[in-house]
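Some notes on the structure that comes next.
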Amino acid sequence: MRTYATLLSTVACLAACPALAQEQTSPVTTNAAVDGQSNTAAAQASPTGELGAGDIVVTATRRAERLADVPISINAVNQESLQNSGATDIRGVAQLAPSLSVSSTGSEANASARIRGIGTVGDNPGLESSVVTFIDGVYRSRTGSGLNDIGEIERVEVLRGPQGTLSGRNSSAGAINIYTKAPSFDFGGYGEATYGNYDNVRLAGALTGPIVKDLLAFRVDGVYAKRDGFYRDVINNTDFNDRNRYFVRGQLLLEPSSDFSVRLIGDYTRRDEKCCGAVYVDLREKIDPTPGTPGDFAINPAGNRIVQVMQSLGAVFPSAGDPYNRRIAQTPGRDYSNITKDYGGSAQVDWNFGGAALTSITAYREYKSFGAGDFDYGNLDLVYRRDDGNAFRRFRTFTQELRLNGEAFGDRLNWLVGGFYSNEKLRVADNIRFGTDYGAFAACRVIASANPLAALRAPRQPGCLSATGRAVLSGLVPGTTPAFGAATGTILAGIDRLSTLSDRGGIRDNYDQKSESYAFFTHNVFKITDTLSLTGGLRWTKETKSLDASFTNDNTVCAQQLGNLAPLLANPQLASTVAGILTLSCTGNSSSTINGKSISDKFSNDEFTGTAVLSWKPVDRLMTYASYSRGFKAGGFNLDKSDLGLAYLPQTTLAPNAAALRFDPETVNAYEIGLKYSSRPFTFNLAAFRSDFTNFQLNTFNGTNFIVQNLSSCDDGLNGADKDNSAATGRCTSGVGTGVRSQGVELEAGFYPARSVAITMGYTLADTKVRRNIVGSASGEPLDPALFLLPGAQMPLAPRNVITTSASWTPEIGSNGMSALFYIDQRTSSDYNTGSDNFPEKAQDGFTVVNARVGLHGRDDLWAIEVWAQNLLNQDYQQVAFNAPFQGAGSQAQVQAFGTAGGFATANQVFTSYLAEPRTYGLTVRTRF
């Protein structure tokens, strides 16, 4: 109720001023020439020179057009709006674009963008995003590159819905197009300096001008940013999630005539940050108070046995009861080493032949992130990645795009044809290892899992048993009998050996994935009459991916564990715990039995996609449209060896199981109707949409490994088998169809009562739900039982309601050209779940984030001084909550649904979360010349 009250109050306070155009009154022009059209398009759009939001020029269709004349859903955010809001990367764009959300998890390299509730979790490098990112027309293979500070930009365009018939890489949910400032033939530049809390220092600047008058121009941008972290490590007395990065971009623009230009861009970004820490948000143990009666649960008054085991080994939980104290405890010597390097270059050639215009964009990018760190997120040393250079992700991507467009039949037909080629080489190197406390922790988990054994626990002794405890279990104490009969000795030997598992595991696992894609596309606008137009687009894409992987591991401890501990699997109290520990610690993919083994696989996908749009302008200021589009995202490989399962057990042939890492391509059919109204003082856009996704690619971390499944619905009913606790039930033997449906409405409005006043508002209602009768692949394999909450539920990380508003006032002060700035914006989100499995421990209540800025500017912005705050109200909220690695199993939801009968009499999984940033504030001084 609190969420809806917030939403209603936000709407009520703005009801008097129609809102929701995402722009202010300053015009946006294109970068040099776009498809043969010049920068004067914006000025020509409004003979008075007073531009409303609808007059902003965008290039979403690869043609320079007024935003109000583009028959697709798009947010266009200009440089002034981003600067006022304090956005320096795509995460900040979401504050102004209600249909967009951006989050990051274990590293800033693991960013994920969502549009209308649809996106791809970024932790698993084998998955590409459903929302693609382009910077100056160059495809960035992972969303994380968009979290770089990319300097001064011209504008950001957020295209909603499938893309692919216009340019570049195809996408199934949308695209983020970022256009940076181009070189100018007039000498100029800017410089700014910021200081804020958390010892935040940011220096940025640019210089541009002619090298050869009216022929060759240059531009150089640079940014340096440093800030303390907002987590405090109570063990090592240091901070985490700091900021330490720099960026430089150089450009040359050769323009020998108005019909020909070449733009060369080279850039380099480096980040060296301790990211990302996480806090404990739920340490409770849930139990089934009434066996046989589903729907209830209770909190174990005796406490969580997993937590107690960890505490007995020295663990501390500084965020217990208050995760927003932002205190964490990290294992000494296991600090994060998140060095990220992103660099490359591109060449864009625009050539207007007169009857047609050619655009060529050639680019090469390298993106490398190192991933060493403490991945149990606590001071107990359970699992980590070693900082020895053997834990990284490296993308090397070459792309080539060609577009040719022109007009025919007396300008009735505006046609475009093009092609796109991409070649990407991805190497993932991993060395994830069990820590020095893991063996003791695993042995104590076995002992603590049954009440008769729990009292005998001795955490730092072999097998987690004291001498007395060993004697009792072995029947050596008078009056007792061996606890497990003749198997007691074997079991004790197994537990003893398990407890010696210390600092063992991966040395170097290599995954080499090669992806080659090429496509041909066409996008054509035919003017049936002066007011009625038909747009038709078609694309054919073919993508081939191959994988080669090899593994090196020094875990020799567990060679006999499967046999030694097997008798415990017959004990109902111990079965689930022992099975989980054996799977994690002692199966082939976690031990030295994988040494010398390798896998390889290859597949290809091809698909036709397209779009059709009918648009009508009954009057000059109003446009209506209806559209259909089909999108596609290729399949790939889950780059997590745990998905291979039994492929790595001794004496097992590998080849038949290599394809177990594959996941299927994702497709979508999208429908939309909308209208756009634009006048000088008022703009209004309305869109109603529905997108049906088949084989939606879902990435889930279950506390041990990443699981990738394709969500589709079975044509025949599964009788609830997709919501049970079995991995064996719920197979579909008929056809499969839509697995996820996103539908809703988007409203955007803007009110511009005077040149110095701009008020905007956006509202997105996105009912983004998983369908019922869900299976986990195109072939109909059962849904993973941990995902039993998904069928029929709202998608994770997909708030149903989002409202954004902004207001700016720039009154003149006196007659000397000075002006003031008063700016505020807010984003209100309704409740949503932050975990891919929708466990209730990962729920996030609705919240509102407010940014504000007040400043004083000199004539022509020669100087400016501003004070600002982001997250002004210090709103506490989380980005993503997750199962703490290796620390327990089971959720409240599983106890409620299945209880004792389903093997979930107890759920002791510990949950952790990546929090959003707290309030930041500071002072910025700036000069432009």
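Every chain in the structure tokens has a letter given in the order shown (A, B, ...), and although residue numbers restart at 1 in each chain, ligands are simply numbered from 1 in the order shown.
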What are the closest atom pairs, with distances in Å to one decimal, for all residues of segment 680-774 of chain A lying within 10 Å of segment 154-171 of chain A? Consider only C-alpha atoms, order rows by chain and residue number, and present the result as a Markdown table.
| residue | atom | partner | partner_atom | distance |
| --- | --- | --- | --- | --- |
| A:Phe689 | CA | A:Gly161 | CA | 8.8 |
| A:Arg690 | CA | A:Gly161 | CA | 9.3 |
| A:Ser691 | CA | A:Gly161 | CA | 7.9 |
For the residues selected in the previous step, produce a file with C-alpha atoms as a PDB file, in the first residue's frame.
ATOM      1  CA  PHE A 689       2.628  -2.360 -26.142  1.00  0.00           C
ATOM      2  CA  ARG A 690       2.733  -6.122 -25.921  1.00  0.00           C
ATOM      3  CA  SER A 691       5.809  -8.318 -26.431  1.00  0.00           C
TER       4      SER A 691
END
(Q) Using only C-alpha atoms, which protein or nucleic acid residues come within 8 Å of segment 795-800 of chain A? Drop anything in the same chain fewer than 4 positions from it, and give the result as a VMD selection string. (A) chain A and resid 116 to 118 764 to 770 790 829 to 838
Q. Skipping near chain neighbours, those fewer than 2 positions away, what residues fall within 7 Å of Val316 of chain A using only C-alpha atoms, listed as a VMD selection string?
A. chain A and resid 311 314 318 329 379
Name the residues of segment 324-488 of chain A that come out as alpha helix (DSSP H) in a backbone DSSP run; write them as a PDB file with N, CA and C atoms, in the first residue's frame.
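selection.pdb written:
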ATOM      1  N   TYR A 438      37.098 -23.726   4.211  1.00  0.00           N
ATOM      2  CA  TYR A 438      35.997 -24.455   3.591  1.00  0.00           C
ATOM      3  C   TYR A 438      35.854 -25.871   4.142  1.00  0.00           C
ATOM      4  N   GLY A 439      36.953 -26.617   4.267  1.00  0.00           N
ATOM      5  CA  GLY A 439      36.855 -28.001   4.718  1.00  0.00           C
ATOM      6  C   GLY A 439      36.241 -28.111   6.096  1.00  0.00           C
ATOM      7  N   ALA A 440      36.702 -27.273   7.018  1.00  0.00           N
ATOM      8  CA  ALA A 440      36.135 -27.294   8.367  1.00  0.00           C
ATOM      9  C   ALA A 440      34.655 -26.940   8.330  1.00  0.00           C
ATOM     10  N   PHE A 441      34.301 -25.951   7.505  1.00  0.00           N
ATOM     11  CA  PHE A 441      32.910 -25.530   7.384  1.00  0.00           C
ATOM     12  C   PHE A 441      32.055 -26.656   6.823  1.00  0.00           C
ATOM     13  N   ALA A 442      32.525 -27.351   5.770  1.00  0.00           N
ATOM     14  CA  ALA A 442      31.749 -28.424   5.153  1.00  0.00           C
ATOM     15  C   ALA A 442      31.558 -29.586   6.119  1.00  0.00           C
ATOM     16  N   ALA A 443      32.609 -29.954   6.842  1.00  0.00           N
ATOM     17  CA  ALA A 443      32.487 -31.042   7.803  1.00  0.00           C
ATOM     18  C   ALA A 443      31.518 -30.676   8.919  1.00  0.00           C
ATOM     19  N   CYS A 444      31.598 -29.439   9.413  1.00  0.00           N
ATOM     20  CA  CYS A 444      30.695 -29.016  10.490  1.00  0.00           C
ATOM     21  C   CYS A 444      29.247 -28.944  10.010  1.00  0.00           C
ATOM     22  N   ARG A 445      29.028 -28.634   8.725  1.00  0.00           N
ATOM     23  CA  ARG A 445      27.670 -28.649   8.203  1.00  0.00           C
ATOM     24  C   ARG A 445      27.076 -30.039   8.279  1.00  0.00           C
ATOM     25  N   VAL A 446      27.875 -31.058   7.980  1.00  0.00           N
ATOM     26  CA  VAL A 446      27.384 -32.432   8.069  1.00  0.00           C
ATOM     27  C   VAL A 446      27.041 -32.771   9.518  1.00  0.00           C
ATOM     28  N   ILE A 447      27.932 -32.446  10.412  1.00  0.00           N
ATOM     29  CA  ILE A 447      27.727 -32.784  11.821  1.00  0.00           C
ATOM     30  C   ILE A 447      26.538 -32.017  12.405  1.00  0.00           C
ATOM     31  N   ALA A 448      26.367 -30.756  11.986  1.00  0.00           N
ATOM     32  CA  ALA A 448      25.309 -29.918  12.546  1.00  0.00           C
ATOM     33  C   ALA A 448      23.944 -30.196  11.943  1.00  0.00           C
ATOM     34  N   ASN A 451      20.255 -33.366  14.872  1.00  0.00           N
ATOM     35  CA  ASN A 451      20.333 -32.975  16.274  1.00  0.00           C
ATOM     36  C   ASN A 451      21.232 -33.876  17.121  1.00  0.00           C
ATOM     37  N   PRO A 452      21.216 -35.205  16.959  1.00  0.00           N
ATOM     38  CA  PRO A 452      22.095 -36.025  17.801  1.00  0.00           C
ATOM     39  C   PRO A 452      23.572 -35.722  17.587  1.00  0.00           C
ATOM     40  N   LEU A 453      23.932 -35.253  16.398  1.00  0.00           N
ATOM     41  CA  LEU A 453      25.327 -34.988  16.105  1.00  0.00           C
ATOM     42  C   LEU A 453      25.729 -33.559  16.444  1.00  0.00           C
ATOM     43  N   ALA A 454      24.776 -32.632  16.401  1.00  0.00           N
ATOM     44  CA  ALA A 454      25.104 -31.218  16.537  1.00  0.00           C
ATOM     45  C   ALA A 454      25.826 -30.917  17.842  1.00  0.00           C
ATOM     46  N   ALA A 467      37.297 -35.554  20.549  1.00  0.00           N
ATOM     47  CA  ALA A 467      37.637 -36.959  20.829  1.00  0.00           C
ATOM     48  C   ALA A 467      36.445 -37.671  21.463  1.00  0.00           C
ATOM     49  N   THR A 468      35.735 -36.972  22.351  1.00  0.00           N
ATOM     50  CA  THR A 468      34.556 -37.583  22.974  1.00  0.00           C
ATOM     51  C   THR A 468      33.481 -37.861  21.931  1.00  0.00           C
ATOM     52  N   GLY A 469      33.279 -36.907  21.044  1.00  0.00           N
ATOM     53  CA  GLY A 469      32.282 -37.084  19.998  1.00  0.00           C
ATOM     54  C   GLY A 469      32.608 -38.256  19.096  1.00  0.00           C
ATOM     55  N   ARG A 470      33.873 -38.436  18.775  1.00  0.00           N
ATOM     56  CA  ARG A 470      34.268 -39.563  17.921  1.00  0.00           C
ATOM     57  C   ARG A 470      34.027 -40.879  18.637  1.00  0.00           C
ATOM     58  N   ALA A 471      34.303 -40.864  19.927  1.00  0.00           N
ATOM     59  CA  ALA A 471      34.099 -42.083  20.698  1.00  0.00           C
ATOM     60  C   ALA A 471      32.620 -42.444  20.782  1.00  0.00           C
ATOM     61  N   VAL A 472      31.768 -41.434  20.985  1.00  0.00           N
ATOM     62  CA  VAL A 472      30.331 -41.689  21.069  1.00  0.00           C
ATOM     63  C   VAL A 472      29.828 -42.254  19.733  1.00  0.00           C
ATOM     64  N   LEU A 473      30.211 -41.617  18.630  1.00  0.00           N
ATOM     65  CA  LEU A 473      29.739 -42.067  17.319  1.00  0.00           C
ATOM     66  C   LEU A 473      30.252 -43.460  16.992  1.00  0.00           C
ATOM     67  N   SER A 474      31.440 -43.797  17.485  1.00  0.00           N
ATOM     68  CA  SER A 474      32.041 -45.090  17.161  1.00  0.00           C
ATOM     69  C   SER A 474      31.601 -46.190  18.103  1.00  0.00           C
ATOM     70  N   THR A 488      30.263 -46.750  10.321  1.00  0.00           N
ATOM     71  CA  THR A 488      30.714 -45.590  11.077  1.00  0.00           C
ATOM     72  C   THR A 488      32.161 -45.231  10.788  1.00  0.00           C
TER      73      THR A 488
END
Q. Mind checking DSSP for segment 458-621 of chain A and telling me the strand (DSSP E) residues as a VMD selection string?
A. chain A and resid 504 to 505 509 to 527 532 to 550 598 to 619
Q: Write out as a PyMOL selection string the residues lying within 9 Å of Ala549 of chain A, counting only C-alpha atoms and excluding same-chain residues fewer than 6 positions away.
A: chain A and resi 509-513+597-600
Output N, CA and C atoms of each residue in that selection to a file, as an mmCIF file, in the first residue's frame.
data_model
loop_
_atom_site.group_PDB
_atom_site.id
_atom_site.type_symbol
_atom_site.label_atom_id
_atom_site.label_comp_id
_atom_site.auth_asym_id
_atom_site.auth_seq_id
_atom_site.Cartn_x
_atom_site.Cartn_y
_atom_site.Cartn_z
ATOM 1 N N ASP A 509 41.075 -22.407 -15.455
ATOM 2 C CA ASP A 509 40.061 -22.919 -16.371
ATOM 3 C C ASP A 509 39.933 -21.925 -17.514
ATOM 4 N N ASN A 510 40.033 -22.399 -18.727
ATOM 5 C CA ASN A 510 39.938 -21.532 -19.897
ATOM 6 C C ASN A 510 38.692 -21.866 -20.714
ATOM 7 N N TYR A 511 37.909 -20.844 -21.001
ATOM 8 C CA TYR A 511 36.779 -20.964 -21.921
ATOM 9 C C TYR A 511 37.053 -20.024 -23.092
ATOM 10 N N ASP A 512 37.179 -20.570 -24.263
ATOM 11 C CA ASP A 512 37.394 -19.757 -25.461
ATOM 12 C C ASP A 512 36.171 -19.876 -26.353
ATOM 13 N N GLN A 513 35.435 -18.782 -26.438
ATOM 14 C CA GLN A 513 34.234 -18.745 -27.261
ATOM 15 C C GLN A 513 34.459 -17.817 -28.440
ATOM 16 N N LYS A 597 41.323 -32.855 -19.242
ATOM 17 C CA LYS A 597 40.107 -33.019 -20.031
ATOM 18 C C LYS A 597 39.710 -31.685 -20.666
ATOM 19 N N SER A 598 39.086 -31.745 -21.802
ATOM 20 C CA SER A 598 38.651 -30.541 -22.497
ATOM 21 C C SER A 598 37.346 -30.837 -23.208
ATOM 22 N N ILE A 599 36.669 -29.781 -23.598
ATOM 23 C CA ILE A 599 35.430 -29.925 -24.340
ATOM 24 C C ILE A 599 35.451 -28.970 -25.520
ATOM 25 N N SER A 600 34.676 -29.277 -26.512
ATOM 26 C CA SER A 600 34.493 -28.366 -27.640
ATOM 27 C C SER A 600 33.105 -28.598 -28.222
#
Q: Would you mind listing what lies within 6 Å of Arg365 of chain A as a list of chain:residue names, with only C-alpha atoms counted and same-chain residues fewer than 6 positions away left out?
A: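 Neighbouring residues, sequence-local ones excluded: A:Tyr343, A:Gly344, A:Arg396, A:Thr397.
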Please write the residues from the selection above to a file, keeping N, CA and C atoms, as an mmCIF file, in the first residue's frame.
data_model
loop_
_atom_site.group_PDB
_atom_site.id
_atom_site.type_symbol
_atom_site.label_atom_id
_atom_site.label_comp_id
_atom_site.auth_asym_id
_atom_site.auth_seq_id
_atom_site.Cartn_x
_atom_site.Cartn_y
_atom_site.Cartn_z
ATOM 1 N N TYR A 343 39.020 -0.340 -24.430
ATOM 2 C CA TYR A 343 39.631 0.564 -25.395
ATOM 3 C C TYR A 343 39.348 0.089 -26.813
ATOM 4 N N GLY A 344 39.530 0.995 -27.755
ATOM 5 C CA GLY A 344 39.305 0.653 -29.148
ATOM 6 C C GLY A 344 39.233 1.883 -30.017
ATOM 7 N N ARG A 396 37.360 -9.433 -27.509
ATOM 8 C CA ARG A 396 37.974 -8.762 -28.652
ATOM 9 C C ARG A 396 36.961 -8.799 -29.789
ATOM 10 N N THR A 397 36.511 -7.624 -30.196
ATOM 11 C CA THR A 397 35.375 -7.548 -31.112
ATOM 12 C C THR A 397 35.695 -6.652 -32.295
#
What are the nearest atom pairs, with distances in Å to one decimal, for all residues of segment 136-228 of chain A that come at most 10 Å from segment 849-865 of chain A, using only C-alpha atoms, set out by chain and rising residue number as a tab-separated table?
residue	atom	partner	partner_atom	distance
A:Tyr190	CA	A:Leu862	CA	8.9
A:Gly191	CA	A:Trp863	CA	9.6
A:Glu192	CA	A:Ala864	CA	9.1
A:Ala193	CA	A:Ile865	CA	9.8
A:Thr194	CA	A:Ile865	CA	9.9
Q: Work out how far apart atom CA of Asn177 of chain A and atom CA of Gly137 of chain A are and give it in Å to one decimal.
A: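 Taking atom CA of Asn177 of chain A and atom CA of Gly137 of chain A, their separation equals 7.3 Å.
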Q: Find the residue from A:Tyr628, A:Gly435, A:Asp350, A:Leu127 that sits nearest to Pro332 of chain A; use only C-alpha atoms when measuring.
A: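 Closest residue, counting only C-alpha atoms: A:Gly435.
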